[in-house]
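Asker: Before I ask anything, let me first share the structure, which is written out below as structure tokens.
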Amino acid sequence: MSDIHNDKILILDFGSQYTQLIARRVRECHVYCELHPFDMALSEIKAFQPSGIILSGGPKSVYEDGAPAIVEELFELGVPVLGLCYGMQLMSRHFGGEVVPAGKREYGHAELISQGNPGPLFDGFFSEGTSSVWMSHGDHVETMPHGFEVVARTANAPVCAIQNVDRNLYGVQFHPEVNHTLHGELLINTFVRKICGCNGQWTPGQIVADAIVRIREQVGHDQVILGLSGGVDSSVAAALIHRAIGEQLHCVFVDNGLLRLDEGDQVMATFASNMGVKVTRVNAQKRFYTALSGVQDPEQKRKIIGNLFVDIFEEESKKLPNAKWLAQGTIYPDVIESAGAKTGKAHNIKSHHNVGGLPDYMTLKLLEPLRELFKDEVRAIGEELGLPHSMVWRHPFPGPGLGVRILGEVKEEYCDILRRADAIYIDELYESGHYHKISQAFAVFLPVKSVGVMGDGRTYEFVIALRAVETKDFMTAGWYPMPYEDLARISNRIINEVKGINRVTYDISSKPPATIEWE
């Protein structure tokens with residue numbers, strides 16, 4: 001394992017909705033981490049050689065039958081451990097403390113009050129003896145674990161932070177990983193960098209250097225086919241792999257009829273003309289429309305699109321001698337949402353064509369250099385590689401493209417309507433200065449008609465829904481509060497300029513309970 005993986009934090013997942021945020025916060029400390037299920041075997045933990053361990057929160061109670069537990073020897077490894085919420089309760093119970101149902105459940109903001117010695121973990125955390133934190137628990141520690149001392153409390157819970165400094169064991173009842181906790185990032189940084197002694201080598205430059213070595217070792221002298229979509233992830237993957245193996249990379253840009261307005265020409269200009277990357281353009285619009293004809297189920301659409309992509313990549317690979325690899329811009333959230341991976345505990349929300357929708361008959365081996373990275377890390381790497389700022393910071397675009405932004409059956413007519421509406425929407429966001437304040441924005445085609453009046457005549461046409469969200473991690477997201485005057489201008493332009501649309505709506509759903517994409 002290379003130097004950037006020498007310092008690493010192991011995160012054991014007990015099912016918290018915030019577990020992925022813990023991983024992001026550790027990465028923001030420039031330290032590598034991995035997320036694994038709570039029942040990871042002791043032998044595997046030892047083999048991983050963690051610099052420190054974080055126990056996540058979870059929805060269960062530690063005293064319930066069948067509640068997630070941990071190998072008893074974990075606390076005897078001599079490795080610093082930080083327990084968050086459920087993780088703290090599990091640690092307390094292990095060392096003889098008692099966890100009971102709280103008289104009053106705490107959820108949301110709470111005032112944490114310093115008590116006694118703050119210890120090394122809370123250095124700089126409290127301001128005048130208090131700090132605002134985010135709670136989400138129905139149980140609390142009533143009897144202290146042996147060898148620990150109380151560090152902080154709230155008005156409703158007498159034990160909200162504990163420590164055993166001699167053994168480097170710490171627990172907090174709140175969630176430092178969420179943005180709502182004041183100084184939460186400082187607490188995680190203190191644990192990772194000071195208590196665990198990690199040096200912080202997980203930086204864009206070193207990630208790129210490490211990836212180049214790994215790609216060269218993995219690929220050897222083989223040729224690599226990369227499915228280039230023009231989105232951030234596949235573009236960064238293309239630039240990274242090209243940096244590693246140069247002429248061995250052959251990008252295939254499939255114009256499937258499900259792209260944004262003028263996307264094909266823009267992709268070809270950026271990569272083939274400006275970056276010197278070999279790109280083959282395959283015009284397959286009719287092929288995709290035919291395959292999707294009559295199909296309404298979103299999962300089935302994703303599978304069809306993914307399989308057809310692979311078919312085309314396989315066909316193109318046969319034109320090249322020694323093409324054995326299919327490279328993709330798969331990133332960590334793709335894997336998580338497809339119930340991938342590291343934990344095996346996630347519910348399958350939707351499959352991604354590049355991780356959950358690949359056919360068994362595929363002969364090419366997968367090359368996924370971004371698979372362990374979050375979106376913000378991918379963007380940082382893109383800038384490190386010199387990609388245009390406008391490309392690196394463009395909003396995400398799903399692999400199935402407009403195929404999952406058209407509800408129900410995909411038709412060429414619907415794609416053309418949606419393309420024009422979406423282009424107007426994005427153009428207006430740039431003009432009004434909102435684009436870079438929004439994490440992701442797009443238009444959705446609704447296959448329902450409503451009555452309208454245009455001029456002196458009655459219309460009966462389709463509906464466009466606009467979506468815009470703010471998020472740091474794409475695991476949770478809030479809808480963007482677009483000013484009314486901007487919404488009015490966007491709506492007027494779409495209705496006046498796009499034939500077939502007479503109504504525009506704005507989606508004000510957060511994730512959860514909704515997803516960002518509609519399908």
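Residues are referred to by chain and number: the chain letter is A, B, ... according to the order shown in the structure tokens, the number counts from 1 in that chain, and ligands are numbered separately from 1 in the order shown.
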Using the chain letters and numbers from this document, which residues of segment 168-199 of chain A does DSSP assign to helix (DSSP H, G or I), as a list in words?
Answerer: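 Matching residues, listed in order: Gly184, Glu185, Leu186, Leu187, Ile188, Asn189, Thr190, Phe191, Val192, Arg193, Lys194 and Ile195 of chain A.
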Asker: Would you list the contacts of Ser56 of chain A as a ChimeraX atom specification, taking every protein, DNA or RNA residue within 12 Å and counting only C-alpha atoms, but skipping same-chain residues closer than 4 positions in sequence?
Answerer: /A:10-23,35-38,60,68-70,81-91,171-177
Asker: Considering only C-alpha atoms, tabulate each residue of segment 280-335 of chain A that lies at most 12 Å from segment 473-480 of chain A along with its nearest interatomic pair and the corresponding distance in Å to one decimal; arrange the rows by chain and ascending residue number and present them as CSV.
Answerer:
residue,atom,partner,partner_atom,distance
A:Ile331,CA,A:Phe474,CA,11.6
A:Tyr332,CA,A:Asp473,CA,10.4
A:Pro333,CA,A:Met475,CA,7.3
A:Asp334,CA,A:Phe474,CA,10.1
A:Val335,CA,A:Met475,CA,11.8
Asker: Would you export the selected residues with N, CA and C atoms as a PDB file, in the first residue's frame, please?
Answerer:
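File again04.pdb, as written:
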ATOM      1  N   ILE A 331     -17.950   6.900  -8.623  1.00  0.00           N
ATOM      2  CA  ILE A 331     -17.473   7.490  -7.379  1.00  0.00           C
ATOM      3  C   ILE A 331     -18.213   6.867  -6.201  1.00  0.00           C
ATOM      4  N   TYR A 332     -17.772   7.189  -5.021  1.00  0.00           N
ATOM      5  CA  TYR A 332     -18.263   6.528  -3.816  1.00  0.00           C
ATOM      6  C   TYR A 332     -19.781   6.628  -3.633  1.00  0.00           C
ATOM      7  N   PRO A 333     -20.414   7.811  -3.803  1.00  0.00           N
ATOM      8  CA  PRO A 333     -21.880   7.857  -3.656  1.00  0.00           C
ATOM      9  C   PRO A 333     -22.617   6.946  -4.636  1.00  0.00           C
ATOM     10  N   ASP A 334     -22.070   6.725  -5.845  1.00  0.00           N
ATOM     11  CA  ASP A 334     -22.685   5.779  -6.779  1.00  0.00           C
ATOM     12  C   ASP A 334     -22.758   4.396  -6.153  1.00  0.00           C
ATOM     13  N   VAL A 335     -21.653   4.003  -5.554  1.00  0.00           N
ATOM     14  CA  VAL A 335     -21.551   2.671  -4.955  1.00  0.00           C
ATOM     15  C   VAL A 335     -22.515   2.546  -3.777  1.00  0.00           C
TER      16      VAL A 335
END
Asker: List every residue of segment 423-509 of chain A that has an atom at most 7 Å from any atom of segment 386-398 of chain A, giving for each one its closest atom pair and the distance in Å to one decimal, counting only C-alpha atoms, sorted by chain and then by ascending residue number, as JSON lines.
Answerer:
{"residue": "A:Ser439", "atom": "CA", "partner": "A:His395", "partner_atom": "CA", "distance": 6.4}
{"residue": "A:Gln440", "atom": "CA", "partner": "A:His395", "partner_atom": "CA", "distance": 5.0}
{"residue": "A:Ala441", "atom": "CA", "partner": "A:His395", "partner_atom": "CA", "distance": 6.9}
Asker: Can you spit out the residues from that selection as a PDB file, in the first residue's frame, using all heavy atoms?
Answerer:
ATOM      1  N   SER A 439     -25.919  23.243  -5.877  1.00  0.00           N
ATOM      2  CA  SER A 439     -25.126  22.021  -6.064  1.00  0.00           C
ATOM      3  C   SER A 439     -25.551  21.265  -7.314  1.00  0.00           C
ATOM      4  O   SER A 439     -24.723  20.682  -8.017  1.00  0.00           O
ATOM      5  CB  SER A 439     -25.266  21.111  -4.849  1.00  0.00           C
ATOM      6  OG  SER A 439     -24.892  21.788  -3.674  1.00  0.00           O
ATOM      7  N   GLN A 440     -26.848  21.245  -7.598  1.00  0.00           N
ATOM      8  CA  GLN A 440     -27.352  20.558  -8.780  1.00  0.00           C
ATOM      9  C   GLN A 440     -28.704  21.147  -9.165  1.00  0.00           C
ATOM     10  O   GLN A 440     -29.563  21.351  -8.314  1.00  0.00           O
ATOM     11  CB  GLN A 440     -27.488  19.055  -8.539  1.00  0.00           C
ATOM     12  CG  GLN A 440     -27.808  18.260  -9.798  1.00  0.00           C
ATOM     13  CD  GLN A 440     -27.706  16.755  -9.575  1.00  0.00           C
ATOM     14  OE1 GLN A 440     -27.408  16.294  -8.474  1.00  0.00           O
ATOM     15  NE2 GLN A 440     -27.966  15.983 -10.599  1.00  0.00           N
ATOM     16  N   ALA A 441     -28.861  21.428 -10.454  1.00  0.00           N
ATOM     17  CA  ALA A 441     -30.127  21.959 -10.963  1.00  0.00           C
ATOM     18  C   ALA A 441     -30.416  21.341 -12.323  1.00  0.00           C
ATOM     19  O   ALA A 441     -29.499  21.132 -13.124  1.00  0.00           O
ATOM     20  CB  ALA A 441     -30.074  23.478 -11.071  1.00  0.00           C
TER      21      ALA A 441
END
Asker: Write out as a VMD selection string each polymer residue whose atoms come within 10 Å of Gly184 of chain A, counting only C-alpha atoms; drop sequence neighbours fewer than 3 positions from it.
Answerer: chain A and resid 25 125 131 to 134 174 to 181 187 to 190
Asker: Mind dumping the selected residues with N, CA, C and O atoms as an mmCIF file, in the first residue's frame?
Answerer:
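The result, written out as part.cif:
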data_model
loop_
_atom_site.group_PDB
_atom_site.id
_atom_site.type_symbol
_atom_site.label_atom_id
_atom_site.label_comp_id
_atom_site.auth_asym_id
_atom_site.auth_seq_id
_atom_site.Cartn_x
_atom_site.Cartn_y
_atom_site.Cartn_z
ATOM 1 N N ARG A 25 -15.816 13.910 6.533
ATOM 2 C CA ARG A 25 -15.123 14.793 7.478
ATOM 3 C C ARG A 25 -13.678 14.316 7.711
ATOM 4 O O ARG A 25 -12.759 15.130 7.822
ATOM 5 N N PHE A 125 -12.867 23.376 21.687
ATOM 6 C CA PHE A 125 -14.241 23.059 21.276
ATOM 7 C C PHE A 125 -15.267 23.953 21.971
ATOM 8 O O PHE A 125 -16.244 24.374 21.358
ATOM 9 N N SER A 131 -21.159 24.815 23.987
ATOM 10 C CA SER A 131 -21.047 24.702 22.536
ATOM 11 C C SER A 131 -22.361 24.146 21.986
ATOM 12 O O SER A 131 -23.003 23.301 22.623
ATOM 13 N N SER A 132 -22.763 24.609 20.814
ATOM 14 C CA SER A 132 -24.005 24.148 20.196
ATOM 15 C C SER A 132 -23.735 22.883 19.391
ATOM 16 O O SER A 132 -22.851 22.851 18.530
ATOM 17 N N VAL A 133 -24.528 21.818 19.653
ATOM 18 C CA VAL A 133 -24.323 20.531 18.986
ATOM 19 C C VAL A 133 -25.659 20.001 18.459
ATOM 20 O O VAL A 133 -26.726 20.507 18.808
ATOM 21 N N TRP A 134 -25.571 18.959 17.632
ATOM 22 C CA TRP A 134 -26.760 18.341 17.039
ATOM 23 C C TRP A 134 -26.974 16.960 17.647
ATOM 24 O O TRP A 134 -26.113 16.097 17.573
ATOM 25 N N PHE A 174 -23.478 13.368 20.803
ATOM 26 C CA PHE A 174 -23.963 14.172 19.685
ATOM 27 C C PHE A 174 -23.271 13.750 18.380
ATOM 28 O O PHE A 174 -22.463 12.816 18.355
ATOM 29 N N HIS A 175 -23.597 14.457 17.304
ATOM 30 C CA HIS A 175 -23.049 14.127 15.982
ATOM 31 C C HIS A 175 -22.127 15.246 15.499
ATOM 32 O O HIS A 175 -22.585 16.234 14.912
ATOM 33 N N PRO A 176 -20.816 15.108 15.704
ATOM 34 C CA PRO A 176 -19.884 16.156 15.253
ATOM 35 C C PRO A 176 -19.742 16.211 13.735
ATOM 36 O O PRO A 176 -19.248 17.196 13.197
ATOM 37 N N GLU A 177 -20.195 15.165 13.034
ATOM 38 C CA GLU A 177 -20.009 15.096 11.583
ATOM 39 C C GLU A 177 -20.973 15.976 10.811
ATOM 40 O O GLU A 177 -20.739 16.270 9.626
ATOM 41 N N VAL A 178 -22.082 16.402 11.425
ATOM 42 C CA VAL A 178 -23.077 17.193 10.689
ATOM 43 C C VAL A 178 -22.755 18.684 10.801
ATOM 44 O O VAL A 178 -22.145 19.140 11.777
ATOM 45 N N ASN A 179 -23.191 19.441 9.807
ATOM 46 C CA ASN A 179 -22.884 20.871 9.781
ATOM 47 C C ASN A 179 -23.508 21.625 10.950
ATOM 48 O O ASN A 179 -23.011 22.678 11.351
ATOM 49 N N HIS A 180 -24.594 21.073 11.510
ATOM 50 C CA HIS A 180 -25.311 21.768 12.580
ATOM 51 C C HIS A 180 -24.515 21.817 13.883
ATOM 52 O O HIS A 180 -24.829 22.619 14.764
ATOM 53 N N THR A 181 -23.516 20.962 14.044
ATOM 54 C CA THR A 181 -22.704 20.978 15.258
ATOM 55 C C THR A 181 -21.582 21.999 15.110
ATOM 56 O O THR A 181 -20.725 21.869 14.231
ATOM 57 N N LEU A 187 -13.457 18.962 16.160
ATOM 58 C CA LEU A 187 -13.369 17.789 17.037
ATOM 59 C C LEU A 187 -12.865 16.570 16.270
ATOM 60 O O LEU A 187 -11.996 15.840 16.753
ATOM 61 N N ILE A 188 -13.404 16.348 15.071
ATOM 62 C CA ILE A 188 -12.963 15.200 14.272
ATOM 63 C C ILE A 188 -11.505 15.370 13.859
ATOM 64 O O ILE A 188 -10.717 14.420 13.891
ATOM 65 N N ASN A 189 -11.141 16.599 13.485
ATOM 66 C CA ASN A 189 -9.750 16.861 13.108
ATOM 67 C C ASN A 189 -8.811 16.603 14.284
ATOM 68 O O ASN A 189 -7.715 16.043 14.113
ATOM 69 N N THR A 190 -9.221 17.025 15.482
ATOM 70 C CA THR A 190 -8.397 16.799 16.670
ATOM 71 C C THR A 190 -8.199 15.311 16.922
ATOM 72 O O THR A 190 -7.088 14.857 17.221
#
Asker: Considering only C-alpha atoms, return as a PyMOL selection string whatever protein or nucleic-acid residues lie within 10 Å of segment 144-151 of chain A, sequence-local ones (same chain, fewer than 3 positions apart) excluded.
Answerer: chain A and resi 89+91-99+112-119+121-122+141+158-167+169-172
Asker: As a PyMOL selection string, which residues of segment 315-519 of chain A does DSSP assign to strand (DSSP E)?
Answerer: chain A and resi 323-327+365-367+440-454+457-470+478-479+501-506
Asker: For Pro400 of chain A, find every residue with an atom within 8 Å (counting only C-alpha atoms), except residues of its own chain fewer than 3 positions away, and show them as JSON, numbers by chain.
Answerer: {"A": [258, 302, 305, 306, 353, 403, 404]}
Asker: Counting only C-alpha atoms, what is within 8 Å of His250 of chain A, bar same-chain residues fewer than 5 positions away, as an mmCIF file with all heavy atoms, in the first residue's frame?
Answerer:
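Result written to part-v6.cif:
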data_model
loop_
_atom_site.group_PDB
_atom_site.id
_atom_site.type_symbol
_atom_site.label_atom_id
_atom_site.label_comp_id
_atom_site.auth_asym_id
_atom_site.auth_seq_id
_atom_site.Cartn_x
_atom_site.Cartn_y
_atom_site.Cartn_z
ATOM 1 N N GLN A 223 -4.841 -1.911 -23.678
ATOM 2 C CA GLN A 223 -5.578 -0.733 -24.102
ATOM 3 C C GLN A 223 -6.824 -0.586 -23.206
ATOM 4 O O GLN A 223 -7.386 -1.571 -22.733
ATOM 5 C CB GLN A 223 -6.018 -0.871 -25.562
ATOM 6 C CG GLN A 223 -4.874 -1.108 -26.537
ATOM 7 C CD GLN A 223 -4.004 0.117 -26.703
ATOM 8 O OE1 GLN A 223 -4.497 1.196 -27.007
ATOM 9 N NE2 GLN A 223 -2.703 -0.045 -26.516
ATOM 10 N N VAL A 224 -7.237 0.660 -22.992
ATOM 11 C CA VAL A 224 -8.372 0.961 -22.111
ATOM 12 C C VAL A 224 -9.429 1.735 -22.891
ATOM 13 O O VAL A 224 -9.122 2.714 -23.574
ATOM 14 C CB VAL A 224 -7.925 1.794 -20.886
ATOM 15 C CG1 VAL A 224 -9.129 2.174 -20.029
ATOM 16 C CG2 VAL A 224 -6.894 1.029 -20.067
ATOM 17 N N ILE A 225 -10.673 1.271 -22.787
ATOM 18 C CA ILE A 225 -11.823 1.987 -23.336
ATOM 19 C C ILE A 225 -12.482 2.751 -22.193
ATOM 20 O O ILE A 225 -12.702 2.197 -21.112
ATOM 21 C CB ILE A 225 -12.862 1.008 -23.928
ATOM 22 C CG1 ILE A 225 -12.282 0.244 -25.109
ATOM 23 C CG2 ILE A 225 -14.135 1.737 -24.331
ATOM 24 C CD1 ILE A 225 -12.212 1.034 -26.370
ATOM 25 N N LEU A 226 -12.762 4.034 -22.393
ATOM 26 C CA LEU A 226 -13.444 4.805 -21.353
ATOM 27 C C LEU A 226 -14.727 5.385 -21.908
ATOM 28 O O LEU A 226 -14.732 5.999 -22.976
ATOM 29 C CB LEU A 226 -12.553 5.936 -20.824
ATOM 30 C CG LEU A 226 -13.169 6.761 -19.684
ATOM 31 C CD1 LEU A 226 -12.127 7.116 -18.630
ATOM 32 C CD2 LEU A 226 -13.842 8.046 -20.178
ATOM 33 N N VAL A 277 -6.819 14.013 -26.249
ATOM 34 C CA VAL A 277 -7.272 12.666 -25.906
ATOM 35 C C VAL A 277 -7.981 12.063 -27.121
ATOM 36 O O VAL A 277 -8.757 12.742 -27.795
ATOM 37 C CB VAL A 277 -8.238 12.713 -24.703
ATOM 38 C CG1 VAL A 277 -8.760 11.318 -24.373
ATOM 39 C CG2 VAL A 277 -7.544 13.323 -23.486
ATOM 40 N N LYS A 278 -7.716 10.801 -27.399
ATOM 41 C CA LYS A 278 -8.383 10.133 -28.518
ATOM 42 C C LYS A 278 -9.835 9.834 -28.152
ATOM 43 O O LYS A 278 -10.101 9.117 -27.189
ATOM 44 C CB LYS A 278 -7.651 8.826 -28.858
ATOM 45 C CG LYS A 278 -6.281 9.042 -29.484
ATOM 46 C CD LYS A 278 -5.662 7.743 -29.938
ATOM 47 C CE LYS A 278 -5.193 6.906 -28.777
ATOM 48 N NZ LYS A 278 -4.394 5.732 -29.207
ATOM 49 N N VAL A 279 -10.767 10.406 -28.932
ATOM 50 C CA VAL A 279 -12.182 10.228 -28.654
ATOM 51 C C VAL A 279 -12.901 9.777 -29.923
ATOM 52 O O VAL A 279 -12.802 10.423 -30.964
ATOM 53 C CB VAL A 279 -12.847 11.525 -28.139
ATOM 54 C CG1 VAL A 279 -14.301 11.259 -27.762
ATOM 55 C CG2 VAL A 279 -12.085 12.099 -26.950
ATOM 56 N N THR A 280 -13.619 8.669 -29.807
ATOM 57 C CA THR A 280 -14.478 8.189 -30.895
ATOM 58 C C THR A 280 -15.914 8.529 -30.558
ATOM 59 O O THR A 280 -16.395 8.197 -29.473
ATOM 60 C CB THR A 280 -14.346 6.668 -31.079
ATOM 61 O OG1 THR A 280 -12.992 6.354 -31.426
ATOM 62 C CG2 THR A 280 -15.277 6.166 -32.174
#
Asker: With distances taken over only C-alpha atoms, which residue among A:Gly401, A:Gly382, A:Pro321, A:Gly457 lies nearest Leu259 of chain A?
Answerer: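 For Leu259 of chain A, the nearest of the given residues is A:Gly401.
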Asker: Could you give me, as a PyMOL selection string, the residues within 12 Å of Ile417 of chain A, counting only C-alpha atoms and dropping anything in the same chain fewer than 6 positions from it?
Answerer: chain A and resi 258+260-261+402+405-406+410-411+423-424+443-447+461-464+494-495+497-502
Asker: Store the residues picked out above, limited to C-alpha atoms, as a compact mmCIF listing (two decimals), in the first residue's frame.
Answerer:
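Now in result.txt:
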# COMPACT_ATOMS: atom_id res chain seq x y z
CA LEU A 258 -30.28 11.50 -23.91
CA ARG A 260 -28.12 18.02 -22.87
CA LEU A 261 -28.33 20.57 -25.68
CA LEU A 402 -32.37 12.47 -19.75
CA ARG A 405 -35.34 12.95 -16.17
CA ILE A 406 -38.26 11.97 -18.37
CA VAL A 410 -38.67 7.94 -23.17
CA LYS A 411 -39.49 9.37 -26.59
CA ALA A 423 -30.88 24.75 -21.56
CA ILE A 424 -33.02 27.82 -20.82
CA ALA A 443 -35.44 20.24 -15.53
CA VAL A 444 -37.72 17.19 -15.47
CA PHE A 445 -40.27 16.27 -18.14
CA LEU A 446 -43.65 15.19 -16.76
CA PRO A 447 -45.70 13.11 -19.23
CA GLU A 461 -49.65 20.54 -23.29
CA PHE A 462 -46.97 19.02 -21.10
CA VAL A 463 -45.46 20.09 -17.76
CA ILE A 464 -41.84 20.84 -16.85
CA ILE A 494 -39.67 28.08 -21.10
CA ILE A 495 -43.39 28.44 -21.82
CA GLU A 497 -39.81 29.44 -26.22
CA VAL A 498 -40.40 25.68 -25.92
CA LYS A 499 -43.27 24.37 -27.98
CA GLY A 500 -45.27 21.72 -26.15
CA ILE A 501 -44.97 23.20 -22.63
CA ASN A 502 -47.62 25.37 -20.99
Asker: Looking at A:Ala157, A:Ile304, A:Ile438, A:Val31, which one is nearest to Asn199 of chain A, with distances taken over only C-alpha atoms?
Answerer: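 The closest residue to Asn199 of chain A is A:Val31.
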